[in-house]
Amino acid sequence: MSIHQALEVFAAGETIMREGEPGYCAYMIESGQVEIVVTRNGQPLQLGTRGPGAIIGEMAMIDDKPRTATIRATEDCKLLRVSREEFSRRLDSTDPVVRMIMRVIMTRYRDTIARAENPSGLPMPPGLLESHEQADTGHAAAINAIKVNLELREALAHQQLRLFYQPIIDLQNMRLAGFEALMRWQHPEKGLVSPAVFIPVAEETGLIVDMSRWALDVACADVKRLKAAVRADVAPVDPLFVSVNFSVKDFADSGFFHHINSTLTRQQTDPANIHLEITESLLMQAPEMAKDALERCRVRGISVSIDDFGSGYSSLSYLHAFPIDTLKIDQSFIRSMRSSPASLVLVKSIIGLARNLNMKIIAEGIETREEARVVRDLGCHECQGYWFARPMPLDDALAFARDWQVPSLWEEAH
Ligand code: C2E
Ligand code: CA
Ligand code: CA
């Protein structure tokens, strides 16, 4: 579970918090402006104003003292509310909201100390106070992440997520081997949003766990339809599969395997029709956890693929310690293979070693017939890429499975 955040609206003139009253939450200003007022010698003294991106009332996150200032909306405001309860539960987390609030708290402490040492005793000019926040280079990114995270929650709850499918082709016989499931976000205003935008945020906040569960559920249902759609003469030799992407957060969840198992059972999906796709960095980050979860998957009959192989700190000998069935060669190798003989040699040796370890190899990002031919000649088993098809909605993937013609495309290559 990730930190609870909610948007609250205040009209111009409304008081957001009052000096002397207890406080249980902090706010981040999403839009509008507020003023900060303290009482000095019975008179209100305006300490400054705050605009979008600023955090207010954050001391309530760490102590029980009453609010030290009154904060009032000077314009209509939208504020993101973070409760203390959720905050303290997640203090150790990687949630960007938590991290950012901690940074601001530290800044404020430094600020208080500086003020105590300020011989003039006068309040610091507002501009100086604000400069602390502005100076934080991670600020804009954190705010964006918070917004995306809020919207993503909505997306999950309101069925705005979609799974697209990209075909994977068997290079030996040009039959359809399976599909990779790739997430899309059908945003009500922005249209189709790329996973490159929202997956990193979902990973950071932990929302990815619910999203992956959703994706597996949909993939389990869809693979049965894809299997039924594919014509016998182009049907794969091995069971047709849908490959689902998982990230390190999914593995960190103690119920990971249990959930996969129960989803397969509930959907009555043959485990041979589902592959798990993970990156090698996951194995490096949490080797013990990964090994245990992957071994249980293997026992259940689910294949495991290593995604983006070669893009990180790859070590085939290291991989050998895990129950891995497939390596997916990162598309950056395919891109550079033509111009760089070194890349070609590298791809060749990866394929050779992987074959010796009885692993299947999939080349990703095949954009031309030439690339398909080269990787096939190097001994690659399967490939996927724009040359065959881009990721597409289920209905189009069903039509692809029905209409896929084996030979013609390939024969032209020779
Ligand atoms: P990935 O897992 O490496 O997925 C392959 C990406 O390469 C996809 O981008 C796909 O559209 C793109 N691609 C396929 N063929 C070609 C080609 O011939 N040329 C080029 N230039 N690109 C090609 P996409 O769908 O935008 O996904 C980006 C990344 O987002 C994925 O990379 C994966 O890391 C992540 N992602 C997508 N869906 C999920 C998901 O359901 N769960 C998780 N955890 N991550 C996901
Ligand atoms: Ca993938
Ligand atoms: Ca990949």
# chains A, B, ... in the order shown; residues from 1 in each chain; ligands from 1
>>> residues_near_ligand(ligand="ligand 3", cutoff="12 Å", atoms="only C-alpha atoms and all ligand atoms", output="NGL selection string")
:A and (166 or 180-182 or 196 or 243-246 or 277-280 or 305-312 or 327-334 or 362-366 or 383-385)
>>> residues_around(residues="region 212-214 of chain A", least_positions_apart="2", cutoff="12 Å", atoms="only C-alpha atoms", output="PDB file with C-alpha atoms, in the first residue's frame")
ATOM      1  CA  ALA A 155      -6.829   4.902 -13.701  1.00  0.00           C
ATOM      2  CA  LEU A 156      -6.664   1.544 -11.966  1.00  0.00           C
ATOM      3  CA  ALA A 157      -9.969   2.080 -10.180  1.00  0.00           C
ATOM      4  CA  GLN A 159     -10.504   0.786 -15.772  1.00  0.00           C
ATOM      5  CA  GLN A 160      -8.331   3.168 -17.767  1.00  0.00           C
ATOM      6  CA  LEU A 161      -5.462   0.685 -18.042  1.00  0.00           C
ATOM      7  CA  ARG A 162      -5.187  -1.474 -21.153  1.00  0.00           C
ATOM      8  CA  LEU A 163      -3.022  -4.392 -22.134  1.00  0.00           C
ATOM      9  CA  ALA A 181       1.619  -7.978 -22.855  1.00  0.00           C
ATOM     10  CA  LEU A 182       2.461  -4.269 -22.653  1.00  0.00           C
ATOM     11  CA  MET A 183       0.542  -1.837 -20.531  1.00  0.00           C
ATOM     12  CA  ILE A 199       5.615   2.539 -14.929  1.00  0.00           C
ATOM     13  CA  ALA A 202       4.148   3.115 -10.219  1.00  0.00           C
ATOM     14  CA  GLU A 203       7.321   1.243  -9.331  1.00  0.00           C
ATOM     15  CA  GLY A 206       4.477   0.584  -5.006  1.00  0.00           C
ATOM     16  CA  LEU A 207       1.284   0.916  -7.029  1.00  0.00           C
ATOM     17  CA  ILE A 208       2.913  -1.396  -9.572  1.00  0.00           C
ATOM     18  CA  VAL A 209       1.987  -4.385  -7.388  1.00  0.00           C
ATOM     19  CA  ASP A 210      -1.732  -3.816  -7.926  1.00  0.00           C
ATOM     20  CA  LEU A 216      -1.757 -10.916 -15.004  1.00  0.00           C
ATOM     21  CA  ASP A 217      -5.469 -11.318 -14.525  1.00  0.00           C
ATOM     22  CA  VAL A 218      -6.273  -9.792 -17.912  1.00  0.00           C
ATOM     23  CA  ALA A 219      -3.463 -11.716 -19.648  1.00  0.00           C
ATOM     24  CA  CYS A 220      -4.748 -15.015 -18.213  1.00  0.00           C
ATOM     25  CA  ALA A 221      -8.187 -14.333 -19.631  1.00  0.00           C
ATOM     26  CA  VAL A 244       3.724 -10.526 -18.574  1.00  0.00           C
ATOM     27  CA  ASN A 245       6.219  -7.961 -17.222  1.00  0.00           C
ATOM     28  CA  PHE A 246       6.956  -7.854 -13.493  1.00  0.00           C
ATOM     29  CA  SER A 247       9.212  -5.580 -11.496  1.00  0.00           C
ATOM     30  CA  VAL A 248      11.272  -5.818  -8.340  1.00  0.00           C
ATOM     31  CA  LYS A 249       8.447  -4.469  -6.161  1.00  0.00           C
ATOM     32  CA  ASP A 250       6.254  -7.359  -7.232  1.00  0.00           C
ATOM     33  CA  PHE A 251       8.847  -9.816  -6.010  1.00  0.00           C
ATOM     34  CA  ASP A 253       5.635  -8.658  -2.014  1.00  0.00           C
ATOM     35  CA  GLY A 255       2.252 -12.908  -1.552  1.00  0.00           C
ATOM     36  CA  PHE A 256       3.798 -12.819  -5.032  1.00  0.00           C
ATOM     37  CA  PHE A 257       3.760 -16.484  -5.869  1.00  0.00           C
ATOM     38  CA  HIS A 258       0.545 -17.157  -4.023  1.00  0.00           C
ATOM     39  CA  HIS A 259      -1.180 -14.497  -6.088  1.00  0.00           C
ATOM     40  CA  ILE A 260       0.121 -15.822  -9.389  1.00  0.00           C
ATOM     41  CA  ASN A 261      -0.954 -19.289  -8.431  1.00  0.00           C
ATOM     42  CA  SER A 262      -4.434 -18.280  -7.375  1.00  0.00           C
ATOM     43  CA  THR A 263      -4.944 -16.130 -10.493  1.00  0.00           C
ATOM     44  CA  LEU A 264      -4.046 -19.041 -12.764  1.00  0.00           C
ATOM     45  CA  LEU A 276       6.966 -14.043 -16.494  1.00  0.00           C
ATOM     46  CA  GLU A 277       9.259 -11.325 -17.776  1.00  0.00           C
ATOM     47  CA  ILE A 278      11.707  -9.725 -15.368  1.00  0.00           C
TER      48      ILE A 278
END
>>> closest_residue(among="A:Arg376, A:His158, A:Arg40, A:Arg153", to="Asp170 (chain A)", atoms="only C-alpha atoms")
A:Arg376
>>> closest_residue(among="A:Glu204, A:Glu14, A:Glu151, A:Asp403", to="ligand 1", atoms="only C-alpha atoms and all ligand atoms")
A:Glu204
>>> select_by_dssp(residues="region 143-290 of chain A", states="strand (DSSP E or B)", output="VMD selection string")
chain A and resid 161 to 170 176 to 187 191 to 193 241 to 245 274 to 279
>>> atom_distance(atom1="CA of Tyr386 (chain A)", atom2="atom 12 (C, counted along the ligand's line) of ligand 1")
7.9 Å
>>> atom_distance(atom1="CA of Phe10 (chain A)", atom2="CA of Pro188 (chain A)")
24.9 Å
>>> atom_distance(atom1="CA of Ala26 (chain A)", atom2="CA of Val148 (chain A)")
19.2 Å
>>> closest_residue(among="A:Gly352, A:Gly53, A:Pro393, A:Gly301", to="ligand 1", atoms="only C-alpha atoms and all ligand atoms")
A:Pro393
